[in-house]
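Below is model.txt, which holds compact mmCIF, C-alpha atoms.
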```txt
# COMPACT_ATOMS: atom_id res chain seq x y z
CA MET F 1289 0.00 0.00 0.00
CA ALA F 1290 2.88 2.33 0.82
CA LEU F 1291 4.34 1.71 -2.63
CA LEU F 1292 1.00 2.59 -4.24
CA TRP F 1293 0.77 5.81 -2.21
CA ARG F 1294 4.36 6.76 -3.10
CA GLY F 1295 3.61 6.19 -6.79
CA TYR F 1296 0.49 8.32 -6.50
CA GLN F 1297 2.48 11.13 -4.84
CA ILE F 1298 5.06 11.11 -7.64
CA LEU F 1299 2.37 11.20 -10.33
CA VAL F 1300 0.29 13.89 -8.59
CA THR F 1301 3.41 16.04 -8.32
CA LYS F 1302 4.29 15.58 -12.00
CA HIS F 1303 0.72 15.66 -13.36
CA PRO F 1304 -1.52 17.16 -10.65
CA VAL F 1305 -4.61 17.96 -12.72
CA LYS F 1306 -4.61 14.70 -14.70
CA MET F 1307 -4.15 12.59 -11.56
CA GLN F 1308 -6.80 14.47 -9.59
CA VAL F 1309 -9.31 14.16 -12.43
CA CYS F 1310 -8.62 10.44 -12.90
CA SER F 1311 -8.86 9.89 -9.14
CA ALA F 1312 -12.22 11.65 -9.05
CA ALA F 1313 -13.52 9.47 -11.91
CA THR F 1314 -12.31 6.24 -10.31
CA LEU F 1315 -13.64 7.03 -6.85
CA MET F 1316 -17.00 8.26 -8.14
CA MET F 1317 -17.39 4.97 -9.98
CA LEU F 1318 -16.41 3.10 -6.81
CA GLY F 1319 -19.08 5.05 -4.91
CA ASP F 1320 -21.68 3.88 -7.42
CA VAL F 1321 -20.51 0.27 -7.21
CA ILE F 1322 -20.82 0.44 -3.42
CA SER F 1323 -24.27 1.99 -3.77
CA GLN F 1324 -25.49 -0.74 -6.08
CA GLN F 1325 -23.86 -3.65 -4.26
CA VAL F 1326 -24.11 -2.64 -0.59
CA VAL F 1327 -26.99 -0.15 -0.32
CA GLU F 1328 -29.22 -1.59 -3.03
CA SER F 1329 -28.02 -5.24 -2.80
CA ARG F 1330 -28.25 -5.73 -6.57
CA GLY F 1331 -25.53 -8.35 -6.91
CA PHE F 1332 -23.05 -8.19 -9.77
CA LYS F 1333 -25.38 -10.13 -12.06
CA HIS F 1334 -27.83 -7.19 -11.95
CA HIS F 1335 -25.25 -4.42 -11.67
CA ASP F 1336 -26.03 -1.42 -13.88
CA TRP F 1337 -22.60 -0.82 -15.45
CA PRO F 1338 -23.78 2.09 -17.63
CA ARG F 1339 -24.86 3.84 -14.42
CA SER F 1340 -21.38 3.27 -12.92
CA GLY F 1341 -19.90 4.58 -16.17
CA ARG F 1342 -22.02 7.74 -15.92
CA MET F 1343 -20.68 8.39 -12.43
CA ALA F 1344 -17.08 7.86 -13.63
CA PHE F 1345 -17.70 10.12 -16.64
CA ILE F 1346 -19.12 12.88 -14.42
CA GLY F 1347 -16.04 12.58 -12.20
CA LEU F 1348 -13.78 12.78 -15.25
CA ILE F 1349 -15.37 15.69 -17.11
CA TYR F 1350 -17.09 17.67 -14.35
CA ILE F 1351 -16.35 16.98 -10.68
CA GLY F 1352 -12.60 16.36 -11.02
CA PRO F 1353 -11.80 19.40 -13.18
CA CYS F 1354 -14.17 21.75 -11.31
CA VAL F 1355 -12.95 20.83 -7.84
CA THR F 1356 -9.30 20.88 -8.89
CA LEU F 1357 -9.66 24.39 -10.31
CA TRP F 1358 -11.82 25.48 -7.37
CA TYR F 1359 -9.16 24.46 -4.83
CA ARG F 1360 -6.55 26.40 -6.76
CA ALA F 1361 -8.85 29.44 -6.86
CA LEU F 1362 -9.47 29.18 -3.12
CA ASP F 1363 -5.73 29.14 -2.44
CA TYR F 1364 -5.38 32.22 -4.64
CA LEU F 1365 -8.26 34.05 -2.92
CA VAL F 1366 -7.46 33.05 0.66
CA HIS F 1367 -3.77 32.79 1.44
CA GLY F 1368 -2.28 30.59 4.10
CA THR F 1369 -3.20 27.50 6.06
CA SER F 1370 -4.11 29.00 9.40
CA LYS F 1371 -7.32 28.03 11.18
CA THR F 1372 -8.88 31.31 10.03
CA ALA F 1373 -7.84 30.71 6.43
CA ALA F 1374 -9.23 27.15 6.57
CA LEU F 1375 -12.52 28.47 7.95
CA LYS F 1376 -12.77 31.12 5.22
CA LYS F 1377 -12.04 28.52 2.53
CA MET F 1378 -14.66 26.17 3.96
CA LEU F 1379 -17.27 28.94 4.05
CA LEU F 1380 -16.56 29.93 0.45
CA ASP F 1381 -16.62 26.26 -0.53
CA GLN F 1382 -19.97 25.61 1.11
CA ILE F 1383 -21.63 28.89 0.06
CA ILE F 1384 -20.41 29.05 -3.55
CA CYS F 1385 -19.07 25.71 -4.75
CA ALA F 1386 -21.31 23.13 -3.05
CA PRO F 1387 -24.67 24.49 -4.23
CA THR F 1388 -23.36 25.10 -7.75
CA LEU F 1389 -21.51 21.79 -8.10
CA LEU F 1390 -24.46 19.78 -6.78
CA GLY F 1391 -26.88 21.54 -9.11
CA GLY F 1392 -24.63 20.80 -12.05
CA PHE F 1393 -24.20 17.19 -10.95
CA LEU F 1394 -27.94 16.59 -10.70
CA THR F 1395 -28.55 18.20 -14.09
CA LEU F 1396 -25.70 16.33 -15.79
CA MET F 1397 -26.81 13.02 -14.27
CA GLY F 1398 -30.29 13.60 -15.69
CA VAL F 1399 -28.93 14.44 -19.12
CA LEU F 1400 -26.62 11.39 -19.18
CA SER F 1401 -29.47 9.18 -17.97
CA GLY F 1402 -31.52 10.23 -20.99
CA LEU F 1403 -34.20 12.15 -19.09
CA SER F 1404 -36.24 14.84 -20.81
CA SER F 1405 -35.83 18.45 -19.71
CA ASP F 1406 -39.16 18.23 -17.83
CA GLN F 1407 -38.01 15.05 -16.06
CA ILE F 1408 -34.67 16.66 -15.17
CA ALA F 1409 -36.44 19.73 -13.76
CA SER F 1410 -38.82 17.55 -11.77
CA LYS F 1411 -36.01 15.36 -10.39
CA PHE F 1412 -33.94 18.46 -9.60
CA LYS F 1413 -36.84 19.98 -7.67
CA LYS F 1414 -37.36 16.70 -5.79
CA ASP F 1415 -33.70 15.97 -4.93
CA TYR F 1416 -31.72 19.23 -4.77
CA LYS F 1417 -32.80 20.43 -1.32
CA ASP F 1418 -32.25 17.02 0.32
CA VAL F 1419 -28.84 16.61 -1.29
CA LEU F 1420 -27.72 20.12 -0.32
CA ILE F 1421 -28.87 19.71 3.29
CA THR F 1422 -27.12 16.34 3.55
CA ASN F 1423 -24.02 18.02 2.12
CA TYR F 1424 -24.09 20.55 4.96
CA TYR F 1425 -24.16 17.75 7.56
CA ILE F 1426 -21.01 16.15 6.16
CA TRP F 1427 -18.74 18.49 4.28
CA PRO F 1428 -18.02 21.54 6.46
CA ALA F 1429 -16.03 19.51 9.02
CA VAL F 1430 -14.26 17.52 6.30
CA GLN F 1431 -13.33 20.68 4.42
CA ILE F 1432 -11.99 22.56 7.45
CA ALA F 1433 -9.66 19.63 8.16
CA ASN F 1434 -8.80 19.35 4.47
CA PHE F 1435 -7.93 23.03 4.08
CA TYR F 1436 -5.99 23.14 7.36
CA PHE F 1437 -3.97 19.92 7.21
CA VAL F 1438 -3.73 18.78 3.57
CA PRO F 1439 -1.44 20.21 0.86
CA LEU F 1440 -3.19 21.52 -2.27
CA ASN F 1441 -2.20 18.63 -4.56
CA HIS F 1442 -3.71 16.06 -2.17
CA ARG F 1443 -6.97 17.82 -1.29
CA LEU F 1444 -9.05 16.31 -4.06
CA ILE F 1445 -7.95 12.75 -3.26
CA VAL F 1446 -8.75 13.26 0.43
CA VAL F 1447 -12.16 14.62 -0.49
CA GLN F 1448 -12.76 11.80 -2.96
CA PHE F 1449 -11.92 9.11 -0.39
CA VAL F 1450 -14.43 10.65 2.00
CA ALA F 1451 -16.71 11.06 -0.98
CA ILE F 1452 -16.79 7.33 -1.69
CA PHE F 1453 -19.62 7.28 0.85
CA TRP F 1454 -20.98 10.60 -0.41
CA ASN F 1455 -20.92 9.32 -3.99
CA SER F 1456 -22.74 6.18 -2.87
CA TYR F 1457 -25.43 8.41 -1.40
CA LEU F 1458 -25.56 10.62 -4.53
CA SER F 1459 -25.80 7.59 -6.79
CA TRP F 1460 -28.56 6.06 -4.69
CA LYS F 1461 -30.43 9.37 -4.39
CA THR F 1462 -30.25 10.29 -8.07
CA ASN F 1463 -31.27 6.82 -9.24
CA GLN F 1464 -34.41 6.50 -7.15
CA GLN F 1465 -37.59 6.53 -9.18
```

Could you write out this file's structure as structure tokens?
Amino acid sequence: MALLWRGYQILVTKHPVKMQVCSAATLMMLGDVISQQVVESRGFKHHDWPRSGRMAFIGLIYIGPCVTLWYRALDYLVHGTSKTAALKKMLLDQIICAPTLLGGFLTLMGVLSGLSSDQIASKFKKDYKDVLITNYYIWPAVQIANFYFVPLNHRLIVVQFVAIFWNSYLSWKTNQQ
């Protein structure tokens, strides 16, 4: 495991954006697999692989790039790693990024699932508030620790490991009928 982590550190130093985006895609897909196998007890015979692929694709083209750029912007806007700086970054993250990113995720998931614009709007109206409130139960504490203790190039991977459970919830929530 230590060898794997060392390899990741070398790659994230040489290719930070690529590695962070690929990590987001992989861990979002893992979150969906956990959702389908543990939460929904589908079994691999009935696993919806296109659904897992949609989660990975959203991680690759949307979540990974957006969060990577967002963390860089936060470090530009709020300098330092003090407790006050971490608190400011968390507040900006939860006031600006979380609502926007979740709205985009729900919309993109609907589009990739082949829903009509009316179905997407209906699902958005049904799910957005619950997802955002659940976000506020989990992410502020995680983000304060992340912004205070974790170097910039490792923030996305820390968030994505925590987000394995979050992604399982998002996958379950967005795939309910």

Select from stretch 1343-1385 of chain F every residue with an atom at most 8 Å from any atom of stretch 1295-1311 of chain F, then for each give the shortest pair of atoms and their distance in Å to one decimal, using all atoms listed in the file, rows by chain and rising number, as CSV.
```
residue,atom,partner,partner_atom,distance
F:Gly1347,CA,F:Val1309,CA,6.9
F:Leu1348,CA,F:Val1309,CA,5.5
F:Ile1349,CA,F:Val1309,CA,7.8
F:Ile1351,CA,F:Val1309,CA,7.8
F:Gly1352,CA,F:Val1309,CA,4.2
F:Pro1353,CA,F:Val1309,CA,5.8
F:Thr1356,CA,F:Val1305,CA,6.7
```

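Counting all atoms listed in the file and comparing F:Thr1314, F:Val1399, F:Lys1411, F:Thr1422, the residue that lies closest to F:Gly1341 is F:Thr1314.
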
For F:Leu1380, please output as a PDB file with C-alpha atoms, in the frame of the given file all residues within 12 Å (counting only C-alpha atoms; exclusion window: fewer than 2 positions along the same chain).
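selection_35.pdb, freshly written:
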```pdb
ATOM      1  CA  TRP F1358     -11.820  25.480  -7.370  1.00  0.00           C
ATOM      2  CA  TYR F1359      -9.160  24.460  -4.830  1.00  0.00           C
ATOM      3  CA  ALA F1361      -8.850  29.440  -6.860  1.00  0.00           C
ATOM      4  CA  LEU F1362      -9.470  29.180  -3.120  1.00  0.00           C
ATOM      5  CA  ASP F1363      -5.730  29.140  -2.440  1.00  0.00           C
ATOM      6  CA  LEU F1365      -8.260  34.050  -2.920  1.00  0.00           C
ATOM      7  CA  VAL F1366      -7.460  33.050   0.660  1.00  0.00           C
ATOM      8  CA  ALA F1373      -7.840  30.710   6.430  1.00  0.00           C
ATOM      9  CA  ALA F1374      -9.230  27.150   6.570  1.00  0.00           C
ATOM     10  CA  LEU F1375     -12.520  28.470   7.950  1.00  0.00           C
ATOM     11  CA  LYS F1376     -12.770  31.120   5.220  1.00  0.00           C
ATOM     12  CA  LYS F1377     -12.040  28.520   2.530  1.00  0.00           C
ATOM     13  CA  MET F1378     -14.660  26.170   3.960  1.00  0.00           C
ATOM     14  CA  GLN F1382     -19.970  25.610   1.110  1.00  0.00           C
ATOM     15  CA  ILE F1383     -21.630  28.890   0.060  1.00  0.00           C
ATOM     16  CA  ILE F1384     -20.410  29.050  -3.550  1.00  0.00           C
ATOM     17  CA  CYS F1385     -19.070  25.710  -4.750  1.00  0.00           C
ATOM     18  CA  ALA F1386     -21.310  23.130  -3.050  1.00  0.00           C
ATOM     19  CA  PRO F1387     -24.670  24.490  -4.230  1.00  0.00           C
ATOM     20  CA  THR F1388     -23.360  25.100  -7.750  1.00  0.00           C
ATOM     21  CA  PRO F1428     -18.020  21.540   6.460  1.00  0.00           C
ATOM     22  CA  GLN F1431     -13.330  20.680   4.420  1.00  0.00           C
ATOM     23  CA  ILE F1432     -11.990  22.560   7.450  1.00  0.00           C
ATOM     24  CA  PHE F1435      -7.930  23.030   4.080  1.00  0.00           C
TER      25      PHE F1435
END
```

**Distance in Å - atom CA of F:Lys1413 versus atom CA of F:Leu1444** = 28.3 Å

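The space between atom CA of F:Val1447 and atom CA of F:Ser1323 spans 17.8 Å.
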
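As for atom CA of F:Leu1292 and atom CA of F:Ala1313, they are spaced 17.8 Å apart.
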
**Message:** Give me the residues near F:His1335 as a count of residues only, where near means some atom within 12 Å (using only C-alpha atoms) and where sequence neighbours in that chain fewer than 2 positions away do not count.
**Reply:** 18

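Ranking F:Tyr1350, F:Phe1449, F:Phe1412, F:Trp1454 by their shortest atom-to-atom distance to F:Tyr1425, with only C-alpha atoms included, puts F:Trp1454 first.
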